[in-house]
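Reading through the structure tokens given below for one structure.
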Amino acid sequence: MSATTLAPRTSSAKAPRGGGHEKRANLGIYFVALLLVTVIVAPIAYIIIGGFRSNAEITQDPAGLPTDWRIENYSNVLGSTTFWREVANSTIAAAVTTILVVVLGVMAAYVLARYSFKGKGVLYSVFAAGLMFPMTVAITPLYILVRSLGLMNSLAGVIVPQVAFQLSITIIILVPFLRSLPRELEEAASMDGCSRLGFFWRMVIPLSKPGVITVGILAFIASWNSYMLPLFILNKEESYTLPLGVQAFASQYSVDTAKVLAFTSLSMIPALVFFSLFERRIVGGLTGAVKG
Amino acid sequence: MAPLNGSATQAPATTTEPATGGDGAHASSPLPRGTSRRRWGMRAEIALLAGPALLIFLAFVIFPVIIAAYYGFFSWSGYGPATDFVGLRNYQVILQDDAFQAALKHNVIIVVLSLVIQGPIAMGLALLLNRKMRFQSGLRILIFAPYVISEVVVGTGWALILSSNGALNGLLDKVGLGSLAQDWLSDPSIAIWTLMAVITWKYIGFAVILFLAGLQGIPEEITEAAAIDGASYWQIQRRITLPLMGPTLRIWAFLSIIGSLQLFDLVYIIWGQYVAETAGTSTMATYMVSSGRNAGSYGYGNAVAVVIFLISLAVALLYQRFVLRRDTEGAVTGGTR
């Protein structure tokens, strides 16, 4: 299955094209690509570069470059305990969410991929239905539920619902992936006296690493960026995750634009780094899911 | 689901059984038709493996919708037991509230414009990124970058760029187009387009990822054969690639519609609950939060949640029935085959 062929992406070069005409077409493509890069990068660059400017500069010339690059804004943010506490909260929430999603997701996807039983279709549909209903619809009652469980202002109150909502996409990606593991492997394992559960532990877990990495990254990024749920659950500043921190910071220092920009750009680094490291894996995983 | 949960409790006692058997036929046949002992073993395995995920999923995804339906019938401030039963009055108020109707209208506009704007652009970009060119992998990473950045960062950044004395107007002024400067965020005739621009910037990467994945599923032999028969690049894309991309396009459209109906973060961060209404960018979800949680009327907020749920469900079912039905092997429906 496609999900396993993560690395090579040949494609392209669909039609053998001619010489001079070809060159002009290529120039056009590079022009479009350049335009694209500008549109995508400009806002991000504005945020990052703005952090190196002073407020006076930003007010006077909102779209300019820094006259001299000052690092006070960044060093101020990096020197504040608030920032690091929020980084820690976000990291814990994202790490625990990722681990739980992967463990529960692999287990459930394994059942859906490799067992035949009555009600399997229903079980899959139940999980798939979650894809249709992002957290928005459930947020008010979810808040009430979390509150009655006594998990307000605790990271657990964010983690558990996040895990539940992330399970849908995880299972949808993992099922075709696990199904593509060759049946001969399972037969060989059972010949050697390996039970189905033993096969799961000894063969499936190691072999499904690429798929697991895909869903793990998606879960991590989703948790790292999550806004609506923490907004409802975390009301005390000590429990804030980074997105809430950015917003609180932006309203607290609404006149100090440069500092807000510095805080904002620092908070987006981890997700960007994570993604650029594993971009291929994510596209590969989604390929498997799209093709069923 | 009940039998699954029920047998979960028996799991520890029976899980060791299949391991002791060591019977080859057991694992190799998809449907073990052996003794009932074996079948119970398999059921226990299923419960043990799928039970925890199902339990947490039902408790935190499905159950909240049920609570919402219950509290939606009450006038309730969120504390203590809900006793003030008001029947369908919350729903009457919602459907007659101008603010809700405006929000619903904005949602519909966002659904339609998202499809119309993002679909063609993303298709073009996916075709571009699928060609052999320099910096290809760098470009791919770049185009997904906005999708990976959190809504809060995107919202905060864009809000500063788009404010009336922000960077965009400053830039226009600099290049001599100062007359084009606008009140991008607060002018009601422009704000919804501003929102669409930000949405497109943020979410186009997701569409491109999906389309790229779909493009890679098209066998090269087909396009090569067409090229040998003298078809031009664009003819190949239009006559062969696009039709073959049908299933991917339909799944993307589905996810886009559902996402648009539930849009909250970007609007709430850029405009805030009050400005969103006057600027004409409020959505059903921002309406739910401002008139429910922020107003302390949790019964009412739950009723709004139920309305959003029903609208999304109706759209999802209609879409499944009339559009996705053709893709028997699609992502959402394919796993059960």
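Following the order of the structure tokens, chains are lettered A, B, ..., residues in each are numbered from 1, and ligands are numbered from 1.
Residue neighbourhood of Ala82 in chain B, excluding near-sequence residues (fewer than 2 positions): Tyr70, Tyr71, Phe73, Phe74, Ser75, Trp76, Ser77, Gly78, Tyr79, Gly80, Asp84, Phe85, Tyr298 and Gly299 of chain B, at 10 Å, using only C-alpha atoms.
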Range 108-115 of chain B: which residues within 12 Å, counting only C-alpha atoms, same-chain residues fewer than 2 positions away excluded, as a PDB file with C-alpha atoms, in the first residue's frame?
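Contents of result_0.pdb, as written:
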```pdb
ATOM      1  CA  GLN B 101     -29.366  34.230  11.656  1.00  0.00           C
ATOM      2  CA  ALA B 102     -26.537  36.575  10.697  1.00  0.00           C
ATOM      3  CA  ALA B 103     -23.993  34.091  12.037  1.00  0.00           C
ATOM      4  CA  LEU B 104     -25.606  31.253  10.082  1.00  0.00           C
ATOM      5  CA  LYS B 105     -25.522  33.376   6.947  1.00  0.00           C
ATOM      6  CA  HIS B 106     -21.818  34.055   7.463  1.00  0.00           C
ATOM      7  CA  ILE B 117     -11.572  29.828  -3.640  1.00  0.00           C
ATOM      8  CA  GLN B 118      -9.519  27.047  -2.104  1.00  0.00           C
ATOM      9  CA  GLY B 119     -10.412  24.208  -4.460  1.00  0.00           C
ATOM     10  CA  PRO B 120      -9.004  25.652  -7.717  1.00  0.00           C
ATOM     11  CA  ILE B 121      -5.995  27.290  -6.049  1.00  0.00           C
ATOM     12  CA  ALA B 122      -5.079  24.118  -4.171  1.00  0.00           C
ATOM     13  CA  MET B 123      -5.499  21.997  -7.304  1.00  0.00           C
ATOM     14  CA  ALA B 191     -14.261  42.028   6.720  1.00  0.00           C
ATOM     15  CA  ILE B 192     -15.721  38.762   5.423  1.00  0.00           C
ATOM     16  CA  TRP B 193     -13.314  38.868   2.463  1.00  0.00           C
ATOM     17  CA  THR B 194     -10.457  39.559   4.820  1.00  0.00           C
ATOM     18  CA  LEU B 195     -11.528  36.507   6.788  1.00  0.00           C
ATOM     19  CA  MET B 196     -11.619  34.447   3.602  1.00  0.00           C
ATOM     20  CA  ALA B 197      -8.100  35.563   2.714  1.00  0.00           C
ATOM     21  CA  VAL B 198      -6.794  34.536   6.136  1.00  0.00           C
ATOM     22  CA  ILE B 199      -8.682  31.224   5.994  1.00  0.00           C
ATOM     23  CA  THR B 200      -7.271  30.513   2.551  1.00  0.00           C
ATOM     24  CA  TRP B 201      -3.759  31.365   3.697  1.00  0.00           C
ATOM     25  CA  LYS B 202      -4.111  29.138   6.741  1.00  0.00           C
ATOM     26  CA  TYR B 203      -5.867  26.085   5.349  1.00  0.00           C
ATOM     27  CA  ILE B 204      -4.804  25.859   1.704  1.00  0.00           C
ATOM     28  CA  ALA B 207      -6.020  20.846   0.687  1.00  0.00           C
ATOM     29  CA  LEU B 249     -11.780  16.213  -4.202  1.00  0.00           C
ATOM     30  CA  ARG B 250     -15.048  15.019  -2.731  1.00  0.00           C
ATOM     31  CA  ILE B 251     -13.463  14.060   0.580  1.00  0.00           C
ATOM     32  CA  TRP B 252     -11.629  17.366   0.786  1.00  0.00           C
ATOM     33  CA  ALA B 253     -14.863  19.244   0.049  1.00  0.00           C
ATOM     34  CA  PHE B 254     -16.575  17.315   2.831  1.00  0.00           C
ATOM     35  CA  LEU B 255     -13.907  18.126   5.394  1.00  0.00           C
ATOM     36  CA  SER B 256     -13.847  21.747   4.232  1.00  0.00           C
ATOM     37  CA  ILE B 257     -17.620  22.142   4.586  1.00  0.00           C
ATOM     38  CA  ILE B 258     -17.668  20.649   8.081  1.00  0.00           C
ATOM     39  CA  GLY B 259     -14.699  22.777   9.110  1.00  0.00           C
ATOM     40  CA  SER B 260     -16.337  25.937   7.763  1.00  0.00           C
ATOM     41  CA  LEU B 261     -19.582  25.234   9.592  1.00  0.00           C
ATOM     42  CA  GLN B 262     -17.690  24.977  12.881  1.00  0.00           C
ATOM     43  CA  LEU B 263     -15.222  27.812  12.374  1.00  0.00           C
ATOM     44  CA  PHE B 264     -14.356  29.472  15.661  1.00  0.00           C
ATOM     45  CA  VAL B 267     -12.736  34.691  14.088  1.00  0.00           C
ATOM     46  CA  GLY B 280     -20.088  40.729   9.906  1.00  0.00           C
ATOM     47  CA  THR B 281     -17.738  37.812  10.543  1.00  0.00           C
ATOM     48  CA  SER B 282     -19.501  36.123  13.456  1.00  0.00           C
ATOM     49  CA  THR B 283     -20.102  32.393  13.083  1.00  0.00           C
ATOM     50  CA  MET B 284     -22.479  30.004  14.803  1.00  0.00           C
ATOM     51  CA  ILE B 311     -27.012  21.417  10.946  1.00  0.00           C
ATOM     52  CA  SER B 312     -23.616  19.713  10.592  1.00  0.00           C
ATOM     53  CA  VAL B 315     -25.171  18.450   5.845  1.00  0.00           C
TER      54      VAL B 315
END
```
From the list A:Ile233, A:Met152, A:Val273, A:Ala113, which residue is nearest Phe200 in chain A when using only C-alpha atoms?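 Result for the nearest residue to Phe200 in chain A: A:Ala113.
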List the neighbours of Pro62 in chain A out to 8 Å using only C-alpha atoms; skip same-chain residues closer than 6 positions along the sequence, and give me the result as a PyMOL selection string. chain B and resi 165-168+170-171
Among range 105-263 of chain A, which residues carry a DSSP assignment of alpha helix (DSSP H), reported as a PyMOL selection string? chain A and resi 105-114+120-129+135-148+155-179+183-191+196-199+205-207+209-225+228-233+242-252+257-263
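CA of Phe263 in chain A sits 18.4 Å away from CA of Leu65 in chain A.
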Counting only C-alpha atoms, what is within 12 Å of Ala258 in chain A, bar same-chain residues fewer than 4 positions away, as a ChimeraX atom specification? /A:46-59,62,66,69-74,76-77,249-250,253-254,262-265 /B:157,160
Which residue of A:Gly28, A:Pro243, A:Pro230, A:Gly150 approaches chain B most closely, using only C-alpha atoms: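 Between A:Gly28, A:Pro243, A:Pro230, A:Gly150, the residue approaching chain B most closely is A:Pro243.
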Please report the interatomic distance between CA of Ala303 in chain B and CA of Ala68 in chain B in Å with one decimal.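 One can read the CA of Ala303 in chain B to CA of Ala68 in chain B distance as 6.7 Å.
Distances here use only C-alpha atoms; by that measure, the residue among A:Gly121, A:Pro206, A:Gly79, A:Gly64 closest to chain B is A:Gly121.
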In Å, with one decimal, what is the gap from CA of Ser80 in chain A to CA of Val154 in chain B? 22.7 Å
So which residues touch Phe211 in chain B within 7 Å, counting only C-alpha atoms, skipping near sequence neighbours fewer than 3 positions away, as a PyMOL selection string? chain B and resi 123+126+207-208+214-215+248
Expected file: the selected residues, N, CA and C atoms, as a PDB file, in the first residue's frame:
```
ATOM      1  N   MET B 123      -5.720  22.930  -6.188  1.00  0.00           N
ATOM      2  CA  MET B 123      -5.499  21.997  -7.304  1.00  0.00           C
ATOM      3  C   MET B 123      -4.316  22.478  -8.140  1.00  0.00           C
ATOM      4  N   ALA B 126      -1.130  21.917  -6.225  1.00  0.00           N
ATOM      5  CA  ALA B 126      -0.759  20.508  -6.149  1.00  0.00           C
ATOM      6  C   ALA B 126      -0.151  20.048  -7.473  1.00  0.00           C
ATOM      7  N   ALA B 207      -5.460  21.287   1.967  1.00  0.00           N
ATOM      8  CA  ALA B 207      -6.020  20.846   0.687  1.00  0.00           C
ATOM      9  C   ALA B 207      -4.908  20.366  -0.235  1.00  0.00           C
ATOM     10  N   VAL B 208      -3.790  21.096  -0.242  1.00  0.00           N
ATOM     11  CA  VAL B 208      -2.682  20.713  -1.128  1.00  0.00           C
ATOM     12  C   VAL B 208      -2.113  19.355  -0.707  1.00  0.00           C
ATOM     13  N   GLY B 214      -3.512  12.416  -3.467  1.00  0.00           N
ATOM     14  CA  GLY B 214      -4.361  11.860  -4.516  1.00  0.00           C
ATOM     15  C   GLY B 214      -3.630  11.758  -5.845  1.00  0.00           C
ATOM     16  N   LEU B 215      -2.865  12.789  -6.181  1.00  0.00           N
ATOM     17  CA  LEU B 215      -2.127  12.790  -7.451  1.00  0.00           C
ATOM     18  C   LEU B 215      -1.139  11.637  -7.508  1.00  0.00           C
ATOM     19  N   THR B 248     -10.747  12.122  -4.104  1.00  0.00           N
ATOM     20  CA  THR B 248      -9.993  13.003  -3.207  1.00  0.00           C
ATOM     21  C   THR B 248     -10.681  14.354  -3.081  1.00  0.00           C
TER      22      THR B 248
END
```
